[in-house]
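To start, the structure under review is shown below, and the notes come after it.
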Amino acid sequence: MGIDLQLSEEQELIGSTANEFFGKNCPPELVREYETSAADYPAQLWSQMAELGWLGMPFPERHGGLGLATLDMVPLYIELGRHLVPCPVLDAVALAGGLICALGSEEQQKALLPGIARGDAPIVSALMEPDGGYGPGAIQLQAQRSGSEFTLHGTKVLVGCARSASRLLCAARTAAGENGEGISLFLVDPQAPGTSVERTPNIAGHPLYAVTFEKASVPEEALVGELGSAWPILYETMMKAAVLQSAMVVGAGERVLEMTTDYAREREQFGQAIGKYQAVQYLCTDIAMHLHRTRLLTLQAAWHIDSDRSFLREAALAKAAASRAAAAMTFAAHEVHAGVAFVIDYDLQLYTRRAKHWEYNLGDLRYHLDRACTESGL
């Protein structure tokens, strides 16, 4: 069966609407402001996105969502990347919201999903630990049962917008096991006793936090899904989110290519535009090639998800391409721009620094190439 990688008119409209909206409401000045702002994200922009329905796109209609497919969301995430929107859409909607949709009880979904969709109760995922891994063996934060409660002990790192979240969806180990056995998910109040949140400086300027649990107690009803059985769905949800993050790299790559080719046409050296030189043309072509490859693999993975086909290999290939492209596209852009690109006020800097986050977030190139081989049976 062939794969249709063309977006529908409705999907194209989502992208053009988002591009117009973010062009008016998320200029580079806003992105820079929230690199150092005391607030984790612009509340007004977040509320406007909620009013447009973008924060509830994948949720069931009965819980305040739109019930849309992955390919419907790809155009939005492309624009999130193009405009570097400083809001936790990937964390709150694709990851935390996706996990609640897949594992949460009907009561939990009814209580939590409408708040995420309205933008008034963001929930973010707390997955990575200090060793930096994404496989099941990397989850070592302990959750021990004590009567009708669980006690959490350990640390999560690079948790986006943890200070502003109403809840953290935390992956913890409730039993020893192999191949993902013994991993559970808990909803944790970041302000609860025994929980400390500390902002982590980072090159991307994202509001990332280290969250430490020291005998932090959570009630039994905070458990999402069955005890010790969360890993298979957690892994699938992370891979779906990786596809949407790859779409963000596509959007960022489109803007980087535009900036670089515009500069190559305008900048003159030795009496002519530098774009006339073959070496510069090669660099611009490299950006275009990485961008095209990532776009095709992202659309292919999204199509597999929506077609209820096996998608884990395709998602891994898309994220591997995006990780490689995030680094390669910005590197080539810097080669063309030369010294001016190192000026902190130059917009290319914004993309270069965020590309480093995208390169490693949800698994790096090596991790996803390994996953692609494993899912292929190699």
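In the structure tokens, each chain is lettered A, B, ... as it comes, each chain's residues begin at 1, and ligands are numbered from 1 in order of appearance.
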
request  = Could you please write out, as JSON, numbers by chain, every residue of range 33-208 of chain A that DSSP assigns to helix (DSSP H, G or I)?
outcome  = {"A": [33, 34, 35, 36, 43, 44, 45, 46, 47, 48, 49, 50, 51, 54, 55, 56, 61, 62, 63, 70, 71, 72, 73, 74, 75, 76, 77, 78, 79, 80, 81, 82, 89, 90, 91, 92, 93, 94, 95, 96, 97, 98, 99, 100, 101, 102, 103, 106, 107, 108, 109, 110, 111, 112, 113, 114, 115, 116, 117, 118, 136, 137, 138, 162, 163, 164]}

request  = Check the DSSP output for the backbone and give back, as JSON, numbers by chain, the residues of range 5-192 of chain A in strand (DSSP E or B).
outcome  = {"A": [123, 124, 125, 126, 142, 143, 144, 145, 146, 149, 150, 151, 152, 153, 154, 155, 156, 157, 158, 159, 160, 167, 168, 169, 170, 171, 172, 173, 183, 184, 185, 186, 187, 188]}

Leaving out Ala38 in chain A and any residue of its chain fewer than 2 positions from it, which residues lie within 12 Å of it when counting only C-alpha atoms, given as an mmCIF file with N, CA and C atoms, in the first residue's frame?
data_model
loop_
_atom_site.group_PDB
_atom_site.id
_atom_site.type_symbol
_atom_site.label_atom_id
_atom_site.label_comp_id
_atom_site.auth_asym_id
_atom_site.auth_seq_id
_atom_site.Cartn_x
_atom_site.Cartn_y
_atom_site.Cartn_z
ATOM 1 N N GLU A 33 12.882 37.176 25.406
ATOM 2 C CA GLU A 33 12.414 37.589 26.727
ATOM 3 C C GLU A 33 12.250 36.394 27.648
ATOM 4 N N TYR A 34 11.720 35.296 27.126
ATOM 5 C CA TYR A 34 11.434 34.150 27.985
ATOM 6 C C TYR A 34 12.609 33.194 28.130
ATOM 7 N N GLU A 35 13.761 33.589 27.605
ATOM 8 C CA GLU A 35 14.983 32.860 27.942
ATOM 9 C C GLU A 35 15.433 33.182 29.367
ATOM 10 N N THR A 36 15.108 34.377 29.828
ATOM 11 C CA THR A 36 15.556 34.815 31.149
ATOM 12 C C THR A 36 14.405 35.247 32.042
ATOM 13 N N ASP A 40 7.813 30.814 33.338
ATOM 14 C CA ASP A 40 8.270 29.738 32.470
ATOM 15 C C ASP A 40 7.823 29.907 31.029
ATOM 16 N N TYR A 41 6.686 30.521 30.813
ATOM 17 C CA TYR A 41 6.164 30.694 29.457
ATOM 18 C C TYR A 41 5.174 31.863 29.461
ATOM 19 N N PRO A 42 4.900 32.459 28.293
ATOM 20 C CA PRO A 42 3.969 33.594 28.226
ATOM 21 C C PRO A 42 2.528 33.123 28.398
ATOM 22 N N CYS A 161 9.283 23.361 32.473
ATOM 23 C CA CYS A 161 8.223 24.153 33.132
ATOM 24 C C CYS A 161 7.731 23.504 34.424
ATOM 25 N N ARG A 163 8.163 24.276 37.484
ATOM 26 C CA ARG A 163 7.721 25.219 38.512
ATOM 27 C C ARG A 163 6.296 25.697 38.264
ATOM 28 N N SER A 164 5.881 25.731 36.998
ATOM 29 C CA SER A 164 4.555 26.243 36.654
ATOM 30 C C SER A 164 3.509 25.155 36.504
ATOM 31 N N ARG A 199 15.818 25.291 39.034
ATOM 32 C CA ARG A 199 16.030 25.575 37.608
ATOM 33 C C ARG A 199 17.455 25.241 37.206
ATOM 34 N N HIS A 206 15.757 27.172 27.686
ATOM 35 C CA HIS A 206 14.473 26.600 28.078
ATOM 36 C C HIS A 206 14.315 26.617 29.603
ATOM 37 N N PRO A 207 13.073 26.684 30.101
ATOM 38 C CA PRO A 207 12.843 26.564 31.549
ATOM 39 C C PRO A 207 12.881 25.098 31.962
#

message = As an exercise, work out the distance from CA of Tyr346 in chain A to CA of His83 in chain A in Å and give it to one decimal place.
response = 14.6 Å

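Nearest to Ala328 in chain A of all the residues A:Phe213, A:Tyr351, A:Phe342, A:Phe150 is A:Tyr351, based on only C-alpha atoms.
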
Range 285-370 of chain A near range 215-238 of chain A within 9 Å: what's each residue's closest atom pair and its distance in Å to one decimal, counting only C-alpha atoms, ordered by chain then ascending residue number, as a Markdown table?
| residue | atom | partner | partner_atom | distance |
| --- | --- | --- | --- | --- |
| A:Phe311 | CA | A:Glu236 | CA | 8.9 |
| A:Leu312 | CA | A:Glu236 | CA | 7.3 |
| A:Leu362 | CA | A:Met238 | CA | 6.9 |

Deliver the residues from the most recent selection as a file, using N, CA and C atoms, as a compact mmCIF listing (two decimals), in the first residue's frame.
# COMPACT_ATOMS: atom_id res chain seq x y z
N PHE A 311 4.71 1.55 13.99
CA PHE A 311 5.33 2.85 13.68
C PHE A 311 6.64 3.09 14.41
N LEU A 312 7.06 2.18 15.27
CA LEU A 312 8.21 2.47 16.12
C LEU A 312 9.50 2.60 15.31
N LEU A 362 14.43 13.48 24.09
CA LEU A 362 13.72 12.26 23.68
C LEU A 362 14.61 11.27 22.94

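Of the listed residues A:Pro75, A:Ala50, A:Cys284, A:Ala204, the one whose atoms come nearest to Glu12 in chain A is A:Pro75, with distances taken using only C-alpha atoms.
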
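Residue nearest Glu29 in chain A, chosen from A:Leu84, A:Leu95, A:Leu7, A:Ile139 and counting only C-alpha atoms: A:Leu84.
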
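Nearest residue to Arg173 in chain A among A:Val243, A:Val89, A:Ala126, A:Leu141 is A:Leu141, counting only C-alpha atoms.
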
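For Gly363 in chain A, the set of protein, DNA and RNA residues having any atom at most 10 Å away, when counting only C-alpha atoms and skipping those fewer than 4 positions along the same chain, is Gly132, Gly133, Tyr134, Gly135, Met238, Met239, Ala242, Ala316, Lys319, Ala320, Ser323, Trp358, Glu359, Tyr367, His368, Leu369 and Arg371 of chain A.
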
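Shell of range 277-281 of chain A at 12 Å, with only C-alpha atoms counted and residues fewer than 6 places along the chain excluded, is Leu257, Thr260, Thr261, Tyr263, Ala264, Arg265, Arg267, Glu268, Gln269, Phe270, Gly271, Ile287, Ala288, Ala332, Ala333, His334, Glu335, Val336, His337 and Ala338 of chain A.
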
Shell of 10 Å around Met49 in chain A, only C-alpha atoms, local chain residues under 5 positions omitted, as a ChimeraX atom specification = /A:18,21-22,43-44,54-56,87,89,117-119

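The space between CA of Cys101 in chain A and CA of Ala247 in chain A spans 21.5 Å.
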
key: Test item: residues at most 12 Å from Asp131 in chain A, only C-alpha atoms, excluding those fewer than 6 positions along its chain, as a PyMOL selection string   = chain A and resi 137-141+155-158

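Atom pair CA of Glu198 in chain A / CA of Val159 in chain A has a distance of 9.9 Å (rounded to one decimal).
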
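Minimum atom-to-atom distances from A:Glu10, A:Val250, A:Arg313, A:Tyr282 to Gly377 in chain A were compared using only C-alpha atoms, and the lowest value belongs to A:Arg313.
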